[in-house]
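protein-v6.txt follows; it contains compact mmCIF, C-alpha atoms.
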# COMPACT_ATOMS: atom_id res chain seq x y z
CA MET A 1 -7.97 -11.48 19.26
CA THR A 2 -7.60 -13.59 16.13
CA VAL A 3 -9.30 -12.20 13.05
CA THR A 4 -10.02 -14.40 10.03
CA VAL A 5 -10.82 -13.19 6.55
CA GLN A 6 -12.88 -14.81 3.83
CA ALA A 7 -13.27 -12.97 0.52
CA THR A 8 -15.29 -13.68 -2.58
CA ILE A 9 -14.71 -11.47 -5.59
CA GLN A 10 -17.46 -11.33 -8.20
CA ALA A 11 -17.91 -9.64 -11.53
CA LEU A 12 -21.57 -10.10 -12.49
CA PHE A 13 -22.90 -8.86 -15.79
CA SER A 14 -26.61 -8.44 -16.38
CA ILE A 15 -26.52 -7.37 -20.02
CA ILE A 16 -29.23 -8.39 -22.46
CA GLU A 17 -29.14 -7.32 -26.08
CA THR A 18 -32.42 -7.61 -28.00
CA TYR A 19 -32.56 -8.08 -31.76
CA PRO A 20 -36.07 -7.38 -33.08
CA ALA A 21 -37.83 -9.97 -35.25
CA ALA A 22 -37.58 -7.59 -38.23
CA ASP A 23 -33.78 -7.85 -38.04
CA THR A 24 -33.82 -11.65 -37.75
CA PRO A 25 -36.89 -12.64 -39.84
CA ALA A 26 -36.00 -16.32 -40.17
CA ILE A 27 -35.94 -16.90 -36.41
CA GLY A 28 -37.82 -14.00 -34.81
CA GLU A 29 -36.82 -11.82 -31.88
CA GLN A 30 -33.49 -12.85 -30.31
CA LEU A 31 -32.22 -12.09 -26.82
CA LEU A 32 -28.51 -12.38 -26.17
CA ASN A 33 -27.52 -12.66 -22.51
CA TYR A 34 -23.86 -12.03 -21.70
CA SER A 35 -23.82 -13.86 -18.36
CA GLN A 36 -21.14 -16.27 -19.65
CA PHE A 37 -18.64 -13.53 -18.78
CA ASN A 38 -19.58 -13.61 -15.08
CA LYS A 39 -16.67 -14.49 -12.81
CA THR A 40 -16.56 -15.58 -9.18
CA ILE A 41 -13.25 -15.97 -7.40
CA GLY A 42 -13.35 -17.43 -3.92
CA ALA A 43 -14.09 -18.02 -1.21
CA LEU A 44 -10.50 -16.98 -0.52
CA THR A 45 -9.00 -17.56 2.93
CA ALA A 46 -5.54 -17.82 4.45
CA SER A 47 -5.34 -21.46 3.29
CA THR A 48 -6.55 -21.08 -0.33
CA SER A 49 -4.54 -20.37 -3.45
CA PRO A 50 -4.22 -17.46 -3.69
CA PRO A 51 -4.36 -16.87 0.04
CA VAL A 52 -6.18 -13.93 1.60
CA SER A 53 -5.55 -13.26 5.27
CA MET A 54 -5.79 -9.47 5.68
CA ILE A 55 -8.12 -6.79 4.36
CA TYR A 56 -7.81 -3.03 4.28
CA ALA A 57 -11.12 -1.31 3.47
CA GLU A 58 -11.28 2.43 4.01
CA LYS A 59 -12.49 5.69 2.53
CA ILE A 60 -9.43 7.84 1.88
CA THR A 61 -9.38 11.58 1.27
CA SER A 62 -6.74 13.77 -0.31
CA THR A 63 -3.36 12.64 -1.57
CA GLN A 64 -1.71 10.01 0.58
CA THR A 65 0.77 7.19 0.47
CA LEU A 66 -0.45 3.91 1.91
CA ASP A 67 2.37 2.11 3.70
CA PHE A 68 1.52 -1.59 3.61
CA THR A 69 3.61 -2.17 6.76
CA ALA A 70 1.50 0.32 8.76
CA LEU A 71 -2.03 0.58 7.34
CA ALA A 72 -4.15 2.64 9.73
CA ARG A 73 -7.80 1.60 9.86
CA ALA A 74 -10.86 3.27 11.37
CA LEU A 75 -12.00 -0.07 12.82
CA GLY A 76 -9.59 -2.64 14.12
CA ASP A 77 -5.85 -2.59 14.66
CA ASP A 78 -3.40 -1.15 12.17
CA LEU A 79 -2.21 -3.73 9.64
CA ASP A 80 1.34 -4.84 8.96
CA THR A 81 1.24 -6.97 5.81
CA THR A 82 4.99 -7.65 5.74
CA GLY A 83 5.66 -10.95 3.95
CA LEU A 84 2.27 -10.96 2.22
CA LYS A 85 1.37 -10.09 -1.37
CA LEU A 86 -1.32 -7.73 -2.61
CA GLN A 87 -3.90 -10.04 -4.20
CA MET A 88 -6.60 -7.53 -5.17
CA ILE A 89 -7.21 -3.79 -5.25
CA TRP A 90 -10.55 -1.99 -5.62
CA VAL A 91 -10.62 1.80 -5.99
CA GLU A 92 -13.91 3.66 -6.41
CA ASN A 93 -13.49 7.33 -7.33
CA LEU A 94 -16.14 9.26 -5.40
CA SER A 95 -15.10 12.55 -7.00
CA THR A 96 -17.29 14.51 -9.38
CA THR A 97 -14.45 16.66 -10.70
CA ASN A 98 -11.08 14.88 -11.08
CA VAL A 99 -9.43 11.55 -11.76
CA ILE A 100 -7.56 9.72 -9.01
CA ASP A 101 -4.07 8.57 -9.81
CA VAL A 102 -2.80 5.30 -8.30
CA GLU A 103 0.91 4.55 -8.59
CA GLN A 104 3.90 3.17 -6.79
CA GLY A 105 5.20 5.32 -3.96
CA ALA A 106 8.26 7.48 -4.57
CA ALA A 107 10.21 5.81 -1.76
CA ASN A 108 10.02 2.05 -1.16
CA PRO A 109 7.54 1.57 -4.03
CA TYR A 110 5.04 -1.27 -4.30
CA VAL A 111 4.61 -1.89 -8.04
CA ILE A 112 1.19 -3.02 -9.28
CA ASN A 113 1.27 -1.99 -12.95
CA ASP A 114 4.84 -2.30 -14.25
CA ALA A 115 5.65 1.03 -12.60
CA ASP A 116 2.96 2.81 -14.68
CA ASP A 117 0.28 4.82 -12.93
CA ILE A 118 -3.41 3.96 -13.21
CA GLN A 119 -6.06 6.65 -13.47
CA VAL A 120 -9.49 6.01 -12.02
CA GLN A 121 -11.91 8.24 -13.89
CA ILE A 122 -14.52 10.53 -12.32
CA GLY A 123 -17.25 8.36 -10.82
CA GLY A 124 -15.41 5.26 -12.06
CA ALA A 125 -13.97 2.22 -10.37
CA LEU A 126 -10.96 -0.01 -10.77
CA LEU A 127 -10.70 -3.69 -9.87
CA LEU A 128 -7.41 -5.51 -10.30
CA TYR A 129 -7.12 -9.13 -9.22
CA PHE A 130 -3.57 -10.40 -9.32
CA GLY A 131 -3.96 -14.08 -8.46
CA ASP A 132 -1.31 -16.11 -6.70
CA ASP A 133 2.34 -15.02 -6.61
CA GLN A 134 1.98 -12.23 -9.17
CA LEU A 135 3.27 -9.32 -7.12
CA ALA A 136 6.12 -8.80 -4.68
CA ASP A 137 6.04 -9.62 -0.98
CA VAL A 138 5.54 -6.54 1.17
CA SER A 139 8.79 -5.61 2.91
CA ALA A 140 10.58 -2.64 4.44
CA THR A 141 11.75 -1.61 0.94
CA VAL A 142 8.64 -2.67 -1.06
CA LYS A 143 5.61 -1.20 0.66
CA ASN A 144 4.23 2.15 -0.58
CA LEU A 145 1.32 2.86 -2.93
CA LEU A 146 0.49 6.50 -3.72
CA PHE A 147 -3.05 7.83 -4.24
CA THR A 148 -3.03 11.33 -5.77
CA MET A 149 -6.18 13.42 -5.49
CA THR A 150 -7.17 16.93 -4.51
CA ALA A 151 -8.30 17.78 -0.99
CA SER A 152 -11.99 17.71 -1.96
CA GLU A 153 -11.84 14.21 -3.45
CA SER A 154 -12.22 10.81 -1.84
CA ALA A 155 -12.11 7.16 -2.78
CA ASN A 156 -13.27 3.86 -1.38
CA VAL A 157 -10.27 1.52 -1.32
CA ILE A 158 -10.18 -2.22 -0.64
CA LEU A 159 -6.90 -4.12 -0.55
CA LEU A 160 -6.69 -7.89 -0.03
CA PHE A 161 -3.39 -9.38 1.12
CA GLY A 162 -2.26 -12.97 1.50
As a first step, turn the structure in this file into structure tokens.
Amino acid sequence: MTVTVQATIQALFSIIETYPAADTPAIGEQLLNYSQFNKTIGALTASTSPPVSMIYAEKITSTQTLDFTALARALGDDLDTTGLKLQMIWVENLSTTNVIDVEQGAANPYVINDADDIQVQIGGALLLYFGDDQLADVSATVKNLLFTMTASESANVILLFG
């Protein structure tokens, strides 16, 4: 079975700031819409730049190291992303009590933030889009990303590779 992936990443802002007429008497009430900051990236496929050919999208629970050469999925075959680069990561912290720490694995680390960890706050989310050729190719020695959380916590994680 051949699986194809097409991904579109969007950051859409619906923010309107209203200045009452009393604050802007010469021109009356003013509405400022911040939609100029909206961003759409895609549609990304195996043949675009950056390429996207594999997706890992799972809910993970408790501390675990994701091995990019053997990503177990609930639906579909396990993924081996050897030779591909991580293009995007989304982490949504579903916890109501603790932050989730995302960092390179202790052995065979995959570095996404200059070897610094990233904390996803309670109820928060993290989206990092790396673009083309920003990170290392996944290999036998560059493959592990560690998610640290307590046993009662969980996170939605999406990883795009190409």
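Residue nearest Lys143 of chain A, chosen from A:Ser53, A:Asn108, A:Asn156, A:Thr63 and counting only C-alpha atoms: A:Asn108.
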Report the closest atom pair, with its distance in Å rounded to one decimal, for each residue of segment 37-101 of chain A that has an atom no farther than 7 Å from segment 145-151 of chain A; count all atoms listed in the file, sort by chain and then rising residue number, and write it as JSON lines.
{"residue": "A:Thr61", "atom": "CA", "partner": "A:Ala151", "partner_atom": "CA", "distance": 6.7}
{"residue": "A:Ser62", "atom": "CA", "partner": "A:Ala151", "partner_atom": "CA", "distance": 4.4}
{"residue": "A:Thr63", "atom": "CA", "partner": "A:Thr148", "partner_atom": "CA", "distance": 4.4}
{"residue": "A:Gln64", "atom": "CA", "partner": "A:Phe147", "partner_atom": "CA", "distance": 5.5}
{"residue": "A:Thr65", "atom": "CA", "partner": "A:Leu146", "partner_atom": "CA", "distance": 4.3}
{"residue": "A:Leu66", "atom": "CA", "partner": "A:Leu145", "partner_atom": "CA", "distance": 5.3}
{"residue": "A:Asp67", "atom": "CA", "partner": "A:Leu145", "partner_atom": "CA", "distance": 6.8}
{"residue": "A:Ile100", "atom": "CA", "partner": "A:Met149", "partner_atom": "CA", "distance": 5.3}
{"residue": "A:Asp101", "atom": "CA", "partner": "A:Thr148", "partner_atom": "CA", "distance": 5.0}
Checklist entry - Mind pulling up the distance from atom CA of Ile16 of chain A to atom CA of Glu29 of chain A? => result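 Atom-to-atom, atom CA of Glu29 of chain A and atom CA of Ile16 of chain A are spaced 12.6 Å apart.
If you look at atom CA of Leu86 of chain A and atom CA of Phe161 of chain A, they are 4.6 Å away from each other.
Among the candidates A:Ser154, A:Ser14, A:Gln134, A:Gln104, the residue lying nearest to Asp117 of chain A is A:Gln104 (atoms considered: all atoms listed in the file).
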Checklist entry - If you count only C-alpha atoms, which residues fall within 9 Å of Tyr110 of chain A, apart from same-chain ones fewer than 2 positions away, as a PyMOL selection string? => result chain A and resi 68+103-105+108+112+115+135-136+138+141-145
Next on the checklist: Excluding Gly124 of chain A and its own-chain neighbours fewer than 2 positions away, which residues fall within 12 Å of it when counting all atoms listed in the file? Please give them as a PyMOL selection string.
Outcome noted: chain A and resi 90-100+119-122+126-127+155-156
Item to check | Among the residues A:Tyr34, A:Ile158, A:Leu71, A:Asp137, the one that comes closest to Lys85 of chain A [using all atoms listed in the file] | outcome: A:Asp137
Checklist entry - Between atom CA of Thr40 of chain A and atom CA of Asn113 of chain A, what is the distance, to one decimal in Å? => result 22.7 Å
Item to check | Counting all atoms listed in the file, the option among A:Leu75, A:Ala21, A:Ala43, A:Ala70 closest to Glu58 of chain A | outcome: A:Leu75
Next on the checklist: Under the rule that only C-alpha atoms are counted, which of A:Ser139, A:Val52, A:Lys39, A:Thr24 is the nearest residue to Pro109 of chain A?
Outcome noted: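 Using only C-alpha atoms, Pro109 of chain A sits closest to A:Ser139.
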Need the shell around Ala7 of chain A: protein/DNA/RNA residues with any atom at most 9 Å away, counting all atoms listed in the file. Skip same-chain ones fewer than 6 positions apart. Format as a JSON list (two decimals) with C-alpha atoms, keeping the file's coordinate frame?
[["chain", "number", "residue", "atom", "x", "y", "z"],
["A", 41, "ILE", "CA", -13.25, -15.97, -7.40],
["A", 42, "GLY", "CA", -13.35, -17.43, -3.92],
["A", 43, "ALA", "CA", -14.09, -18.02, -1.21],
["A", 44, "LEU", "CA", -10.50, -16.98, -0.52],
["A", 45, "THR", "CA", -9.00, -17.56, 2.93],
["A", 52, "VAL", "CA", -6.18, -13.93, 1.60],
["A", 55, "ILE", "CA", -8.12, -6.79, 4.36],
["A", 160, "LEU", "CA", -6.69, -7.89, -0.03]]
Next on the checklist: From the options A:Gly123, A:Pro25, A:Gly131, A:Pro50, which residue's atoms come nearest to Glu153 of chain A, counting all atoms listed in the file?
Outcome noted: A:Gly123
Please fill the gaps in segment 12-30 of chain A so it has N, CA and C atoms, and write that as a tab-separated table (two decimals), keeping the file's coordinate frame.
chain	number	residue	atom	x	y	z
A	12	LEU	N	-20.29	-9.58	-11.98
A	12	LEU	CA	-21.57	-10.10	-12.49
A	12	LEU	C	-22.12	-9.14	-13.53
A	13	PHE	N	-22.40	-9.67	-14.69
A	13	PHE	CA	-22.90	-8.86	-15.79
A	13	PHE	C	-24.35	-9.23	-16.07
A	14	SER	N	-25.22	-8.24	-16.02
A	14	SER	CA	-26.61	-8.44	-16.38
A	14	SER	C	-26.86	-7.58	-17.62
A	15	ILE	N	-26.42	-8.10	-18.75
A	15	ILE	CA	-26.52	-7.37	-20.02
A	15	ILE	C	-27.32	-8.23	-20.99
A	16	ILE	N	-28.41	-7.68	-21.48
A	16	ILE	CA	-29.23	-8.39	-22.46
A	16	ILE	C	-29.37	-7.49	-23.67
A	17	GLU	N	-29.04	-8.05	-24.82
A	17	GLU	CA	-29.14	-7.32	-26.08
A	17	GLU	C	-30.30	-7.95	-26.86
A	18	THR	N	-31.24	-7.11	-27.30
A	18	THR	CA	-32.42	-7.61	-28.00
A	18	THR	C	-32.34	-7.26	-29.47
A	19	TYR	N	-32.47	-8.28	-30.31
A	19	TYR	CA	-32.56	-8.08	-31.76
A	19	TYR	C	-34.01	-8.28	-32.16
A	20	PRO	N	-34.66	-7.25	-32.72
A	20	PRO	CA	-36.07	-7.38	-33.08
A	20	PRO	C	-36.28	-8.42	-34.20
A	21	ALA	N	-37.48	-8.96	-34.25
A	21	ALA	CA	-37.83	-9.97	-35.25
A	21	ALA	C	-37.60	-9.45	-36.67
A	22	ALA	N	-37.79	-8.15	-36.89
A	22	ALA	CA	-37.58	-7.59	-38.23
A	22	ALA	C	-36.13	-7.71	-38.67
A	23	ASP	N	-35.20	-7.72	-37.71
A	23	ASP	CA	-33.78	-7.85	-38.04
A	23	ASP	C	-33.35	-9.31	-38.19
A	24	THR	N	-34.13	-10.21	-37.66
A	24	THR	CA	-33.82	-11.65	-37.75
A	24	THR	C	-35.08	-12.40	-38.18
A	25	PRO	N	-35.58	-12.13	-39.41
A	25	PRO	CA	-36.89	-12.64	-39.84
A	25	PRO	C	-36.99	-14.16	-39.86
A	26	ALA	N	-35.92	-14.85	-40.09
A	26	ALA	CA	-36.00	-16.32	-40.17
A	26	ALA	C	-36.22	-16.96	-38.81
A	27	ILE	N	-35.82	-16.27	-37.73
A	27	ILE	CA	-35.94	-16.90	-36.41
A	27	ILE	C	-36.70	-16.06	-35.40
A	28	GLY	N	-37.06	-14.85	-35.72
A	28	GLY	CA	-37.82	-14.00	-34.81
A	28	GLY	C	-36.92	-13.27	-33.83
A	29	GLU	N	-37.56	-12.61	-32.87
A	29	GLU	CA	-36.82	-11.82	-31.88
A	29	GLU	C	-35.78	-12.69	-31.16
A	30	GLN	N	-34.58	-12.13	-30.98
A	30	GLN	CA	-33.49	-12.85	-30.31
A	30	GLN	C	-32.99	-12.03	-29.13
